[in-house]
Protein chains: 2
Amino acid sequence: MNQEHEQLRKDVTARLVRNGITPTRQRVEIGMRLFDCDKHITADQLLERVNRGNGEVSKATVYNTLGLFAAKGLLREVVVDPGKQIFDTNVSPHHHLYNVDTGELRDIESRDLVVSGLPALETGIEITGVDIVVRVRNAG
Amino acid sequence: MNQEHEQLRKDVTARLVRNGITPTRQRVEIGMRLFDCDKHITADQLLERVNRGNGEVSKATVYNTLGLFAAKGLLREVVVDPGKQIFDTNVSPHHHLYNVDTGELRDIESRDLVVSGLPALETGIEITGVDIVVRVRNAG
DNA sequence: GTCAGTGCAAACCCTTTGCAGAAAG
DNA sequence: CTTTCTGCAAAGGGTTTGCACTGAC
């Protein structure tokens with residue numbers, strides 16, 4: 001299992017390098033906890049995971065690292081709640097189902113959801129993404 | 001024009017009462033500035049508008065009032081940016097086009113945008129809304 | 001006089017920034 | 001040695017909360 005651990009470390013390191021990210025101790029630590037977890041995670045949750053292990057990493061570094069990973073395409077930010085950054089390790093095109101009562105966030109496969117009728121854009125403007133959030137609540 | 005002003009005050013007061021909101025001085029003041037402005041506005045922008053006039057209202061009250069108005073259906077919250085609550089005075093079904101470079105936010109008529117393939121929901125869960133955000137940026 | 005409802009100062013929490021220090025050239 | 005990059009303490013800014021106060025009955 002220490003072997004598995006070392007293997008994971010190597011995998012993460014390689015992945016960072018492949019994406020042009022210097023694999024520092026903190027980043028590898030964060031990456032190991034990140035890619036081995038739920039698909040949706042906040043900086044706080046990740047910080048807790050990292051420091052529950054052996055890693056000693058500050059909150060600011062977790063934020064900065066998540067931002068860096070997102071900029072490099074290893075992560076995607078999901079905007080469903082103001083005042084809360086949620087990151088998604090699933091970077092393929094897909095949408096989200098968000099339960100406002102429980103905070104539960106689930107993926108909806110992109111191919112299941114079809115959007116038509118996008119407006120024409122003026123020149124000089126390009127689409128970076130179409131995000132669909134289906135908001136649900138517990139009936140009552 | 002003082003007459004118009006008084007007419008607006010009456011209209012806003014009536015509207016609040018109709019929606020089950022006690023029309024206090026602060027709320028009417030806020031409402032007058034709110035329904036007579038751009039469709040998309042943040043608490044900060046609204047506070048500035050209110051206090052540029054005669055109104056003396058604290059920031060906290062603006063936040064609380066916006067939250068109350070939204071809960072009562074006079075407003076709708078638009079989630080396009082984490083760390084920033086934007087309110088929309090247009091409460092009819094529609095979607096948004098968001099320019100991440102300029103912060104510009106525009107409406108897309110709901111009838112122009114068709115979504116199909118929503119997943120079946122388990123019982124006890126109901127949809128409160130389907131929000132589509134088309135993110136764009138200035139090309140280059 | 002009592003009680004529900006309101007407004008705001010202060011507290012809170014998430015995020016960003018500025019800088020000391022490390023690593024690379 | 002100089003330059004670039006990294007990590008984090010402290011600062012920042014948007015939002016919420018707890019309580020004094022007001023108005024209604």
# chains A, B, ... in the order shown; residues from 1 in each chain; ligands from 1
>>> interface_residues(of="chain A", to="chain D", cutoff="9 Å", atoms="only C-alpha atoms (C1' of nucleotides)", output="PyMOL selection string")
chain A and resi 24+26+57-61+83
>>> write_last_selection(atoms="all heavy atoms", output="PDB file, in the first residue's frame")
ATOM      1  N   THR A  24       5.707  20.647  -7.450  1.00  0.00           N
ATOM      2  CA  THR A  24       6.259  20.888  -6.111  1.00  0.00           C
ATOM      3  C   THR A  24       5.618  19.937  -5.110  1.00  0.00           C
ATOM      4  O   THR A  24       4.606  19.305  -5.406  1.00  0.00           O
ATOM      5  CB  THR A  24       5.971  22.323  -5.658  1.00  0.00           C
ATOM      6  OG1 THR A  24       4.552  22.492  -5.533  1.00  0.00           O
ATOM      7  CG2 THR A  24       6.499  23.326  -6.657  1.00  0.00           C
ATOM      8  N   GLN A  26       3.898  20.509  -2.440  1.00  0.00           N
ATOM      9  CA  GLN A  26       2.518  20.866  -2.107  1.00  0.00           C
ATOM     10  C   GLN A  26       1.545  20.504  -3.228  1.00  0.00           C
ATOM     11  O   GLN A  26       0.457  19.987  -2.982  1.00  0.00           O
ATOM     12  CB  GLN A  26       2.418  22.361  -1.825  1.00  0.00           C
ATOM     13  CG  GLN A  26       3.017  22.801  -0.506  1.00  0.00           C
ATOM     14  CD  GLN A  26       4.491  23.118  -0.609  1.00  0.00           C
ATOM     15  OE1 GLN A  26       5.169  22.677  -1.543  1.00  0.00           O
ATOM     16  NE2 GLN A  26       5.020  23.865   0.345  1.00  0.00           N
ATOM     17  N   VAL A  57      -0.134  21.946   4.204  1.00  0.00           N
ATOM     18  CA  VAL A  57      -0.302  22.927   3.150  1.00  0.00           C
ATOM     19  C   VAL A  57      -1.260  24.002   3.646  1.00  0.00           C
ATOM     20  O   VAL A  57      -2.230  23.701   4.330  1.00  0.00           O
ATOM     21  CB  VAL A  57      -0.885  22.268   1.883  1.00  0.00           C
ATOM     22  CG1 VAL A  57      -1.109  23.297   0.801  1.00  0.00           C
ATOM     23  CG2 VAL A  57       0.039  21.168   1.378  1.00  0.00           C
ATOM     24  N   SER A  58      -0.972  25.240   3.329  1.00  0.00           N
ATOM     25  CA  SER A  58      -1.845  26.324   3.785  1.00  0.00           C
ATOM     26  C   SER A  58      -3.060  26.460   2.881  1.00  0.00           C
ATOM     27  O   SER A  58      -3.080  25.993   1.751  1.00  0.00           O
ATOM     28  CB  SER A  58      -1.098  27.638   3.822  1.00  0.00           C
ATOM     29  OG  SER A  58      -1.024  28.172   2.521  1.00  0.00           O
ATOM     30  N   LYS A  59      -4.067  27.130   3.427  1.00  0.00           N
ATOM     31  CA  LYS A  59      -5.297  27.329   2.695  1.00  0.00           C
ATOM     32  C   LYS A  59      -5.040  28.118   1.405  1.00  0.00           C
ATOM     33  O   LYS A  59      -5.563  27.778   0.349  1.00  0.00           O
ATOM     34  CB  LYS A  59      -6.270  28.111   3.578  1.00  0.00           C
ATOM     35  CG  LYS A  59      -7.717  27.906   3.243  1.00  0.00           C
ATOM     36  CD  LYS A  59      -8.584  28.518   4.337  1.00  0.00           C
ATOM     37  CE  LYS A  59     -10.032  28.138   4.160  1.00  0.00           C
ATOM     38  NZ  LYS A  59     -10.878  28.675   5.233  1.00  0.00           N
ATOM     39  N   ALA A  60      -4.224  29.151   1.509  1.00  0.00           N
ATOM     40  CA  ALA A  60      -3.945  29.993   0.336  1.00  0.00           C
ATOM     41  C   ALA A  60      -3.345  29.158  -0.792  1.00  0.00           C
ATOM     42  O   ALA A  60      -3.696  29.337  -1.959  1.00  0.00           O
ATOM     43  CB  ALA A  60      -3.009  31.124   0.711  1.00  0.00           C
ATOM     44  N   THR A  61      -2.459  28.250  -0.431  1.00  0.00           N
ATOM     45  CA  THR A  61      -1.832  27.423  -1.448  1.00  0.00           C
ATOM     46  C   THR A  61      -2.853  26.500  -2.107  1.00  0.00           C
ATOM     47  O   THR A  61      -2.793  26.252  -3.313  1.00  0.00           O
ATOM     48  CB  THR A  61      -0.675  26.611  -0.831  1.00  0.00           C
ATOM     49  OG1 THR A  61       0.319  27.529  -0.386  1.00  0.00           O
ATOM     50  CG2 THR A  61      -0.071  25.666  -1.839  1.00  0.00           C
ATOM     51  N   GLY A  83     -20.510  32.813  -3.760  1.00  0.00           N
ATOM     52  CA  GLY A  83     -19.794  32.742  -2.491  1.00  0.00           C
ATOM     53  C   GLY A  83     -19.225  31.380  -2.189  1.00  0.00           C
ATOM     54  O   GLY A  83     -18.914  31.058  -1.052  1.00  0.00           O
TER      55      GLY A  83
END
>>> interface_residues(of="chain B", to="chain A", cutoff="6 Å", atoms="only C-alpha atoms", output="PyMOL selection string")
chain B and resi 82-84+112-117+124-139
>>> residues_around(residues="B:Asn90", least_positions_apart="2", cutoff="12 Å", atoms="only C-alpha atoms (C1' of nucleotides)", output="list in words")
Leu34, Phe35, Cys37, Asp38, Lys39, His40, Ile41, Ala70, Gly73, Leu74, Leu75, Arg76, Glu77, Val78, Ile86, Phe87, Asp88, Ser92, Pro93, His94, His95, His96, Arg106, Asp107, Ile108, Glu109 and Ser110 of chain B
>>> write_last_selection(atoms="C-alpha atoms", output="compact mmCIF listing (two decimals), in the first residue's frame")
# COMPACT_ATOMS: atom_id res chain seq x y z
CA LEU B 34 -34.47 49.06 -7.97
CA PHE B 35 -37.44 48.89 -10.30
CA CYS B 37 -32.97 50.81 -13.20
CA ASP B 38 -30.99 48.31 -15.17
CA LYS B 39 -32.27 44.79 -14.99
CA HIS B 40 -29.10 43.37 -13.49
CA ILE B 41 -27.73 44.85 -10.33
CA ALA B 70 -36.09 37.51 -4.15
CA GLY B 73 -40.68 36.62 -6.20
CA LEU B 74 -40.06 40.28 -7.02
CA LEU B 75 -36.53 39.46 -8.04
CA ARG B 76 -34.49 36.58 -9.26
CA GLU B 77 -30.93 35.83 -8.41
CA VAL B 78 -28.53 35.17 -11.26
CA ILE B 86 -26.44 39.59 -9.07
CA PHE B 87 -30.17 40.25 -8.98
CA ASP B 88 -32.43 40.45 -11.98
CA SER B 92 -39.98 35.83 -16.43
CA PRO B 93 -38.23 32.67 -17.64
CA HIS B 94 -35.09 33.53 -19.54
CA HIS B 95 -31.40 32.78 -19.69
CA HIS B 96 -28.14 34.69 -19.72
CA ARG B 106 -27.47 40.03 -21.23
CA ASP B 107 -30.75 38.21 -21.31
CA ILE B 108 -31.58 35.48 -23.77
CA GLU B 109 -35.27 34.97 -24.28
CA SER B 110 -36.40 31.62 -23.04
>>> atom_distance(atom1="atom CA of B:Asp36", atom2="atom CA of B:Asp11")
11.5 Å
>>> atom_distance(atom1="atom CA of B:Glu56", atom2="atom CA of B:Ile30")
10.0 Å
>>> select_by_dssp(residues="stretch 39-132 of chain B", states="strand (DSSP E)", output="VMD selection string")
chain B and resid 40 to 42 76 to 78 86 to 88 94 to 99 105 to 109 114 to 116 125 to 132
>>> interface_residues(of="chain C", to="chain A", cutoff="12 Å", atoms="only C-alpha atoms (C1' of nucleotides)", output="list in words")
DC13, DC14, DT15, DT16, DT17, DA22, DA23 and DA24 of chain C
>>> write_last_selection(atoms="C-alpha atoms (C1' of nucleotides)", output="JSON list (two decimals), in the first residue's frame")
[["chain", "number", "residue", "atom", "x", "y", "z"],
["C", 13, "DC", "C1'", -15.86, 33.59, 6.10],
["C", 14, "DC", "C1'", -14.13, 32.79, 1.59],
["C", 15, "DT", "C1'", -10.69, 34.48, -1.53],
["C", 16, "DT", "C1'", -6.80, 37.29, -3.16],
["C", 17, "DT", "C1'", -2.55, 39.73, -2.68],
["C", 22, "DA", "C1'", 13.41, 28.80, -2.68],
["C", 23, "DA", "C1'", 14.67, 27.07, -7.11],
["C", 24, "DA", "C1'", 16.44, 27.63, -11.61]]
